[in-house]
$ cat entry-v3.pdb   # PDB, C-alpha atoms and all ligand atoms
ATOM      1  CA  MET A   1     -20.982   5.922   6.066
ATOM      2  CA  ASP A   2     -18.811   4.465   3.417
ATOM      3  CA  GLU A   3     -19.863   0.873   2.721
ATOM      4  CA  THR A   4     -17.699   0.071  -0.292
ATOM      5  CA  THR A   5     -16.088  -3.346  -0.212
ATOM      6  CA  ARG A   6     -13.359  -4.122  -2.717
ATOM      7  CA  HIS A   7     -12.110  -7.599  -3.611
ATOM      8  CA  GLY A   8      -8.824  -8.774  -4.973
ATOM      9  CA  GLY A   9      -6.452 -11.672  -5.122
ATOM     10  CA  CYS A  10      -3.290 -13.273  -6.463
ATOM     11  CA  THR A  11      -2.397 -14.504  -9.934
ATOM     12  CA  CYS A  12      -3.275 -18.187  -9.339
ATOM     13  CA  GLY A  13      -6.588 -17.417  -7.664
ATOM     14  CA  ASP A  14      -5.929 -19.280  -4.378
ATOM     15  CA  ALA A  15      -5.563 -16.170  -2.214
ATOM     16  CA  ARG A  16      -8.588 -13.865  -2.182
ATOM     17  CA  TYR A  17      -9.214 -10.878   0.046
ATOM     18  CA  ALA A  18     -11.838  -8.241   0.779
ATOM     19  CA  VAL A  19     -11.230  -4.728   2.115
ATOM     20  CA  LYS A  20     -13.865  -2.407   3.534
ATOM     21  CA  GLY A  21     -14.269   1.294   2.915
ATOM     22  CA  GLU A  22     -12.076   3.796   1.110
ATOM     23  CA  PRO A  23      -8.296   3.838   1.621
ATOM     24  CA  ILE A  24      -6.678   6.310   4.016
ATOM     25  CA  PHE A  25      -4.184   7.205   1.303
ATOM     26  CA  VAL A  26      -2.791   5.786  -1.931
ATOM     27  CA  ASN A  27       0.848   6.168  -2.945
ATOM     28  CA  ASN A  28       2.614   5.455  -6.195
ATOM     29  CA  CYS A  29       6.181   4.896  -4.985
ATOM     30  CA  HIS A  30       9.151   5.024  -7.336
ATOM     31  CA  CYS A  31      11.889   4.328  -4.749
ATOM     32  CA  ARG A  32      14.687   1.912  -5.579
ATOM     33  CA  GLN A  33      13.411  -0.628  -3.042
ATOM     34  CA  CYS A  34       9.973  -0.733  -4.630
ATOM     35  CA  GLN A  35      11.641  -1.092  -8.035
ATOM     36  CA  GLN A  36      13.632  -4.094  -6.778
ATOM     37  CA  GLN A  37      10.740  -5.693  -4.920
ATOM     38  CA  THR A  38       8.364  -5.476  -7.871
ATOM     39  CA  GLY A  39      10.873  -5.700 -10.719
ATOM     40  CA  SER A  40       8.986  -2.770 -12.189
ATOM     41  CA  THR A  41       9.013   1.029 -12.351
ATOM     42  CA  SER A  42       7.116   1.568  -9.114
ATOM     43  CA  VAL A  43       4.426   0.212  -6.856
ATOM     44  CA  VAL A  44       0.899   1.458  -6.133
ATOM     45  CA  ASN A  45      -0.199   0.798  -2.563
ATOM     46  CA  MET A  46      -3.466   1.736  -0.898
ATOM     47  CA  PHE A  47      -3.255   2.005   2.872
ATOM     48  CA  TYR A  48      -5.932   0.765   5.266
ATOM     49  CA  GLU A  49      -6.415  -0.145   8.872
ATOM     50  CA  ALA A  50      -5.453  -3.862   8.896
ATOM     51  CA  ASP A  51      -8.750  -4.768  10.558
ATOM     52  CA  ARG A  52     -10.624  -3.667   7.418
ATOM     53  CA  LEU A  53      -8.786  -6.358   5.432
ATOM     54  CA  THR A  54      -9.927 -10.007   5.436
ATOM     55  CA  LEU A  55      -8.246 -12.981   3.785
ATOM     56  CA  LEU A  56     -11.170 -14.916   2.295
ATOM     57  CA  SER A  57      -9.306 -17.948   0.958
ATOM     58  CA  GLY A  58      -5.851 -19.373   0.348
ATOM     59  CA  GLU A  59      -2.666 -19.429   2.379
ATOM     60  CA  ILE A  60      -0.289 -16.512   2.724
ATOM     61  CA  SER A  61       3.437 -16.422   3.351
ATOM     62  CA  ARG A  62       5.295 -13.584   5.050
ATOM     63  CA  HIS A  63       8.640 -12.278   3.821
ATOM     64  CA  VAL A  64      10.570  -9.829   5.964
ATOM     65  CA  VAL A  65      12.881  -7.313   4.310
ATOM     66  CA  LYS A  66      14.517  -4.167   5.689
ATOM     67  CA  ALA A  67      12.741  -0.913   4.932
ATOM     68  CA  GLY A  68      14.636   2.271   4.091
ATOM     69  CA  SER A  69      14.211   3.305   7.731
ATOM     70  CA  GLY A  70      15.928   0.089   8.882
ATOM     71  CA  GLY A  71      12.696  -1.335  10.349
ATOM     72  CA  ASP A  72      11.007  -4.555   9.257
ATOM     73  CA  HIS A  73       8.866  -4.430   6.138
ATOM     74  CA  VAL A  74       6.716  -7.580   5.909
ATOM     75  CA  ILE A  75       5.619  -8.521   2.389
ATOM     76  CA  VAL A  76       2.572 -10.815   2.417
ATOM     77  CA  ARG A  77       2.319 -13.138  -0.596
ATOM     78  CA  CYS A  78       0.126 -15.952  -1.841
ATOM     79  CA  ALA A  79       1.874 -19.093  -0.550
ATOM     80  CA  THR A  80       1.087 -20.923  -3.810
ATOM     81  CA  CYS A  81       2.021 -18.476  -6.582
ATOM     82  CA  GLY A  82       4.049 -15.865  -4.704
ATOM     83  CA  SER A  83       2.098 -12.793  -5.828
ATOM     84  CA  ALA A  84       2.624  -9.932  -3.394
ATOM     85  CA  LEU A  85      -0.763  -8.903  -1.981
ATOM     86  CA  TRP A  86       0.027  -6.377   0.721
ATOM     87  CA  SER A  87       2.741  -5.125   3.049
ATOM     88  CA  HIS A  88       3.086  -4.132   6.661
ATOM     89  CA  TYR A  89       5.485  -1.188   6.841
ATOM     90  CA  PRO A  90       7.444  -0.203   9.966
ATOM     91  CA  ARG A  91       5.594   3.086  10.586
ATOM     92  CA  LEU A  92       2.164   1.491  11.134
ATOM     93  CA  GLY A  93       3.324  -2.072  11.802
ATOM     94  CA  GLU A  94       0.716  -4.838  11.714
ATOM     95  CA  HIS A  95      -2.047  -2.282  12.433
ATOM     96  CA  GLY A  96      -1.797  -0.978   8.898
ATOM     97  CA  ALA A  97      -1.733  -2.664   5.507
ATOM     98  CA  GLY A  98      -0.471  -1.292   2.209
ATOM     99  CA  ILE A  99      -2.430  -3.283  -0.349
ATOM    100  CA  ARG A 100      -1.041  -3.659  -3.898
ATOM    101  CA  VAL A 101      -3.582  -1.905  -6.103
ATOM    102  CA  GLY A 102      -2.686  -4.156  -9.043
ATOM    103  CA  THR A 103      -4.130  -7.156  -7.150
ATOM    104  CA  LEU A 104      -7.621  -5.608  -7.030
ATOM    105  CA  ASP A 105     -10.333  -7.052  -9.249
ATOM    106  CA  ASP A 106     -10.972  -3.447 -10.304
ATOM    107  CA  PRO A 107      -7.657  -1.595 -10.049
ATOM    108  CA  ARG A 108      -9.135   1.298 -12.044
ATOM    109  CA  SER A 109     -11.351   2.149  -9.087
ATOM    110  CA  ILE A 110      -8.305   3.593  -7.306
ATOM    111  CA  ARG A 111      -6.245   6.700  -8.091
ATOM    112  CA  PRO A 112      -3.042   7.577  -6.244
ATOM    113  CA  ASP A 113      -3.133  10.631  -3.974
ATOM    114  CA  ALA A 114       0.546  11.164  -4.592
ATOM    115  CA  VAL A 115       3.626  10.049  -6.476
ATOM    116  CA  ILE A 116       6.474   9.601  -3.997
ATOM    117  CA  TYR A 117      10.236   9.162  -4.336
ATOM    118  CA  ALA A 118       9.980  10.738  -7.782
ATOM    119  CA  ALA A 119      13.685  11.609  -7.414
ATOM    120  CA  GLU A 120      14.505   7.881  -7.780
ATOM    121  CA  LYS A 121      12.228   7.158 -10.720
ATOM    122  CA  MET A 122      13.531   5.657 -13.959
ATOM    123  CA  ASP A 123      14.431   8.502 -16.323
ATOM    124  CA  TRP A 124      11.946   7.579 -19.062
ATOM    125  CA  VAL A 125       8.936   7.340 -16.722
ATOM    126  CA  MET A 126       6.513  10.215 -17.285
ATOM    127  CA  LEU A 127       4.529  11.329 -14.275
ATOM    128  CA  PRO A 128       0.832  12.220 -14.522
ATOM    129  CA  PRO A 129       0.323  16.014 -14.529
ATOM    130  CA  ASP A 130      -2.759  15.839 -12.281
ATOM    131  CA  ILE A 131      -1.330  13.819  -9.361
ATOM    132  CA  PRO A 132       0.998  15.637  -6.951
ATOM    133  CA  ALA A 133       4.563  14.303  -7.127
ATOM    134  CA  PHE A 134       7.159  14.577  -4.382
ATOM    135  CA  PRO A 135      10.922  13.959  -4.582
ATOM    136  CA  ALA A 136      10.626  11.760  -1.452
ATOM    137  CA  GLN A 137       7.842  11.742   1.161
ATOM    138  CA  TYR A 138       5.115  14.323   1.779
ATOM    139  CA  SER A 139       3.359  15.679   4.820
ATOM    140  CA  PRO A 140       0.062  13.763   5.204
ATOM    141  CA  ALA A 141      -1.318  16.603   7.347
ATOM    142  CA  GLU A 142      -1.020  18.946   4.352
ATOM    143  CA  LEU A 143      -2.115  16.570   1.601
ATOM    144  CA  LEU A 144      -4.903  14.439   3.069
ATOM    145  CA  PRO A 145      -8.472  15.568   3.725
ATOM    146  CA  PRO A 146      -9.025  15.972   7.501
ATOM    147  CA  GLU A 147     -11.088  12.815   8.020
ATOM    148  CA  ARG A 148      -8.486  10.652   6.287
ATOM    149  CA  PHE A 149      -5.659  12.318   8.213
ATOM    150  CA  ALA A 150      -7.587  11.581  11.432
ATOM    151  CA  ARG A 151      -7.714   7.884  10.506
ATOM    152  CA  LEU A 152      -3.964   7.916   9.882
ATOM    153  CA  LYS A 153      -3.295   9.616  13.226
ATOM    154  CA  ALA A 154      -5.471   7.075  15.060
ATOM    155  CA  LEU A 155      -3.596   4.240  13.395
ATOM    156  CA  ALA A 156      -0.178   5.718  14.129
ATOM    157  CA  ALA A 157      -1.197   6.124  17.797
ATOM    158  CA  LYS A 158      -2.133   2.420  17.954
ATOM    159  CA  ALA A 159       1.139   1.410  16.331
ATOM    160  CA  ARG A 160       3.159   3.514  18.763
ATOM    161  CA  PRO A 161       1.380   3.505  22.147
ATOM    162  CA  ALA A 162       2.431   6.307  24.467
TER     163      ALA A 162
HETATM  164 ZN    ZN B 201      -1.732 -17.437  -5.784
HETATM  165 ZN    ZN B 202       9.021   2.684  -2.385
END
$ encode --input "entry-v3.pdb" --output "structure tokens" --more "lines below"
Ligand SMILES: [Zn+2]
Ligand SMILES: [Zn+2]
Amino acid sequence: MDETTRHGGCTCGDARYAVKGEPIFVNNCHCRQCQQQTGSTSVVNMFYEADRLTLLSGEISRHVVKAGSGGDHVIVRCATCGSALWSHYPRLGEHGAGIRVGTLDDPRSIRPDAVIYAAEKMDWVMLPPDIPAFPAQYSPAELLPPERFARLKALAAKARPA
């Protein structure tokens, strides 16, 4: 079993979290929305089952924006300093959490599985040669190892009950 626990938090230190186990998948997204929301070139999110994530201290605020799909994307921030900590995206809803890798105490412990929305990246941004890059999305069934794809399928089934 995978017993890793990672810790992270916001810029001011009020909001601290812990997350158990390895992520289901990690995306480096260069879409225009991520550029606007971060003010940067891209975002790096690691996706987990939300029940693996615990807020240890601080208060959070929730900010709802429209995702590319038209559904609600909830950005969760430290209520004091406003750092974005994680997001709930429409596809997995509140069952899933896309945690901002830059908020980890050890962000170097995580590598993206994929670069996505490379077609929207800023022209001068060079992509790493050893991480698969996709113009938009990819097929998780093809890219992810079977046990991680199984976790994603289980989560998607919870988010969209039959
Ligand atoms: Zn803070
Ligand atoms: Zn994006």
$ residues_around --input "entry-v3.pdb" --residues "Thr103 in chain A" --least-positions-apart "6" --cutoff "7 Å" --atoms "all atoms listed in the file" --output "list in words"
Gly8, Gly9, Cys10 and Leu85 of chain A
$ write_last_selection --input "entry-v3.pdb" --atoms "C-alpha atoms" --output "mmCIF file, in the coordinates of the input"
data_model
loop_
_atom_site.group_PDB
_atom_site.id
_atom_site.type_symbol
_atom_site.label_atom_id
_atom_site.label_comp_id
_atom_site.auth_asym_id
_atom_site.auth_seq_id
_atom_site.Cartn_x
_atom_site.Cartn_y
_atom_site.Cartn_z
ATOM 1 C CA GLY A 8 -8.824 -8.774 -4.973
ATOM 2 C CA GLY A 9 -6.452 -11.672 -5.122
ATOM 3 C CA CYS A 10 -3.290 -13.273 -6.463
ATOM 4 C CA LEU A 85 -0.763 -8.903 -1.981
#
$ resolve_selection --input "entry-v3.pdb" --expression "the PyMOL selection byres (((chain A and resi 74) around 10) and not hetatm)" --output "compact mmCIF listing (two decimals) with C-alpha atoms, keeping the file's coordinate frame"
# COMPACT_ATOMS: atom_id res chain seq x y z
CA SER A 61 3.44 -16.42 3.35
CA ARG A 62 5.30 -13.58 5.05
CA HIS A 63 8.64 -12.28 3.82
CA VAL A 64 10.57 -9.83 5.96
CA VAL A 65 12.88 -7.31 4.31
CA LYS A 66 14.52 -4.17 5.69
CA ALA A 67 12.74 -0.91 4.93
CA GLY A 71 12.70 -1.34 10.35
CA ASP A 72 11.01 -4.56 9.26
CA HIS A 73 8.87 -4.43 6.14
CA ILE A 75 5.62 -8.52 2.39
CA VAL A 76 2.57 -10.82 2.42
CA ARG A 77 2.32 -13.14 -0.60
CA TRP A 86 0.03 -6.38 0.72
CA SER A 87 2.74 -5.12 3.05
CA HIS A 88 3.09 -4.13 6.66
CA TYR A 89 5.48 -1.19 6.84
CA PRO A 90 7.44 -0.20 9.97
CA GLY A 93 3.32 -2.07 11.80
CA GLU A 94 0.72 -4.84 11.71
CA ALA A 97 -1.73 -2.66 5.51
$ closest_residue --input "entry-v3.pdb" --among "A:Arg16, A:His30, A:Arg108, A:His7" --to "ligand ZN 201 (chain B)" --atoms "all atoms listed in the file"
A:Arg16
$ residues_near_ligand --input "entry-v3.pdb" --ligand "ligand ZN 201 (chain B)" --cutoff "7 Å" --atoms "only C-alpha atoms and all ligand atoms" --output "number ranges by chain"
A: 10-15, 78-83
$ atom_distance --input "entry-v3.pdb" --atom1 "CA of Leu53 in chain A" --atom2 "CA of Asp105 in chain A"
14.8 Å
$ resolve_selection --input "entry-v3.pdb" --expression "the PyMOL selection byres (((not hetatm)) within 6 of (chain B and resi 202))" --output "VMD selection string"
chain A and resid 29 to 31 33 to 34
$ atom_distance --input "entry-v3.pdb" --atom1 "CA of Ala118 in chain A" --atom2 "CA of Glu147 in chain A"
26.4 Å
$ residues_around --input "entry-v3.pdb" --residues "Asn28 in chain A" --least-positions-apart "6" --cutoff "7 Å" --atoms "all atoms listed in the file" --output "number ranges by chain"
A: 42-45, 112, 114-116
$ atom_distance --input "entry-v3.pdb" --atom1 "CA of Arg6 in chain A" --atom2 "CA of Arg100 in chain A"
12.4 Å
$ closest_residue --input "entry-v3.pdb" --among "A:Arg160, A:Ile24, A:Asp106, A:Thr5" --to "Pro146 in chain A" --atoms "all atoms listed in the file"
A:Ile24
$ resolve_selection --input "entry-v3.pdb" --expression "the PyMOL selection byres (((chain A and resi 119-125) around 7) and not hetatm)" --output "list in words"
His30, Cys31, Arg32, Thr41, Tyr117, Ala118, Met126, Leu127, Pro135 and Ala136 of chain A
$ closest_residue --input "entry-v3.pdb" --among "A:Thr54, A:Gly98, A:Glu3, A:Asp113" --to "Phe134 in chain A" --atoms "all atoms listed in the file"
A:Asp113
$ residues_around --input "entry-v3.pdb" --residues "Leu152 in chain A" --least-positions-apart "3" --cutoff "10 Å" --atoms "only C-alpha atoms" --output "PyMOL selection string"
chain A and resi 24-25+47-49+92+96+140-141+144+146-149+155-158
$ axis_aligned_box --input "entry-v3.pdb" --around "range 128-132 of chain A" --padding-each-side "3 Å" --output "JSON"
{"center_x": -0.9, "center_y": 14.1, "center_z": -10.7, "size_x": 9.8, "size_y": 9.8, "size_z": 13.6}
$ decode --input "entry-v3.pdb" --residues "range 9-57 of chain A" --atoms "C-alpha atoms" --output "PDB file, in the first residue's frame"
ATOM      1  CA  GLY A   9      -0.262  25.306   2.320  1.00  0.00           C
ATOM      2  CA  CYS A  10      -0.795  28.915   1.297  1.00  0.00           C
ATOM      3  CA  THR A  11       1.594  31.854   1.180  1.00  0.00           C
ATOM      4  CA  CYS A  12       0.657  33.325   4.593  1.00  0.00           C
ATOM      5  CA  GLY A  13       0.785  29.985   6.382  1.00  0.00           C
ATOM      6  CA  ASP A  14      -2.780  30.039   7.793  1.00  0.00           C
ATOM      7  CA  ALA A  15      -4.162  27.325   5.510  1.00  0.00           C
ATOM      8  CA  ARG A  16      -2.389  23.968   5.740  1.00  0.00           C
ATOM      9  CA  TYR A  17      -3.426  20.679   4.200  1.00  0.00           C
ATOM     10  CA  ALA A  18      -2.368  17.042   4.015  1.00  0.00           C
ATOM     11  CA  VAL A  19      -3.042  14.613   1.162  1.00  0.00           C
ATOM     12  CA  LYS A  20      -2.648  10.849   1.313  1.00  0.00           C
ATOM     13  CA  GLY A  21      -1.133   8.571  -1.287  1.00  0.00           C
ATOM     14  CA  GLU A  22       0.042   9.226  -4.825  1.00  0.00           C
ATOM     15  CA  PRO A  23      -2.027  11.340  -7.233  1.00  0.00           C
ATOM     16  CA  ILE A  24      -4.290   9.705  -9.816  1.00  0.00           C
ATOM     17  CA  PHE A  25      -2.796  11.973 -12.464  1.00  0.00           C
ATOM     18  CA  VAL A  26      -0.869  15.233 -12.732  1.00  0.00           C
ATOM     19  CA  ASN A  27      -1.468  17.754 -15.507  1.00  0.00           C
ATOM     20  CA  ASN A  28       0.463  20.815 -16.548  1.00  0.00           C
ATOM     21  CA  CYS A  29      -2.256  22.847 -18.274  1.00  0.00           C
ATOM     22  CA  HIS A  30      -1.449  25.724 -20.605  1.00  0.00           C
ATOM     23  CA  CYS A  31      -5.047  26.682 -21.508  1.00  0.00           C
ATOM     24  CA  ARG A  32      -6.048  30.334 -21.614  1.00  0.00           C
ATOM     25  CA  GLN A  33      -8.268  29.942 -18.543  1.00  0.00           C
ATOM     26  CA  CYS A  34      -5.416  28.581 -16.453  1.00  0.00           C
ATOM     27  CA  GLN A  35      -3.230  31.432 -17.716  1.00  0.00           C
ATOM     28  CA  GLN A  36      -5.838  33.976 -16.582  1.00  0.00           C
ATOM     29  CA  GLN A  37      -6.564  32.293 -13.263  1.00  0.00           C
ATOM     30  CA  THR A  38      -2.907  32.032 -12.283  1.00  0.00           C
ATOM     31  CA  GLY A  39      -1.542  35.069 -14.118  1.00  0.00           C
ATOM     32  CA  SER A  40       1.192  32.735 -15.294  1.00  0.00           C
ATOM     33  CA  THR A  41       2.141  30.455 -18.185  1.00  0.00           C
ATOM     34  CA  SER A  42       0.240  27.425 -16.931  1.00  0.00           C
ATOM     35  CA  VAL A  43      -0.870  25.534 -13.871  1.00  0.00           C
ATOM     36  CA  VAL A  44       0.286  22.202 -12.429  1.00  0.00           C
ATOM     37  CA  ASN A  45      -2.510  20.269 -10.746  1.00  0.00           C
ATOM     38  CA  MET A  46      -2.357  16.857  -9.116  1.00  0.00           C
ATOM     39  CA  PHE A  47      -5.693  15.075  -8.951  1.00  0.00           C
ATOM     40  CA  TYR A  48      -6.903  13.056  -5.968  1.00  0.00           C
ATOM     41  CA  GLU A  49     -10.050  11.649  -4.492  1.00  0.00           C
ATOM     42  CA  ALA A  50     -11.287  14.563  -2.319  1.00  0.00           C
ATOM     43  CA  ASP A  51     -11.517  12.285   0.715  1.00  0.00           C
ATOM     44  CA  ARG A  52      -7.720  11.875   0.681  1.00  0.00           C
ATOM     45  CA  LEU A  53      -7.354  15.630   1.248  1.00  0.00           C
ATOM     46  CA  THR A  54      -7.653  17.188   4.726  1.00  0.00           C
ATOM     47  CA  LEU A  55      -7.573  20.867   5.652  1.00  0.00           C
ATOM     48  CA  LEU A  56      -5.424  20.926   8.797  1.00  0.00           C
ATOM     49  CA  SER A  57      -5.711  24.611   9.690  1.00  0.00           C
TER      50      SER A  57
END
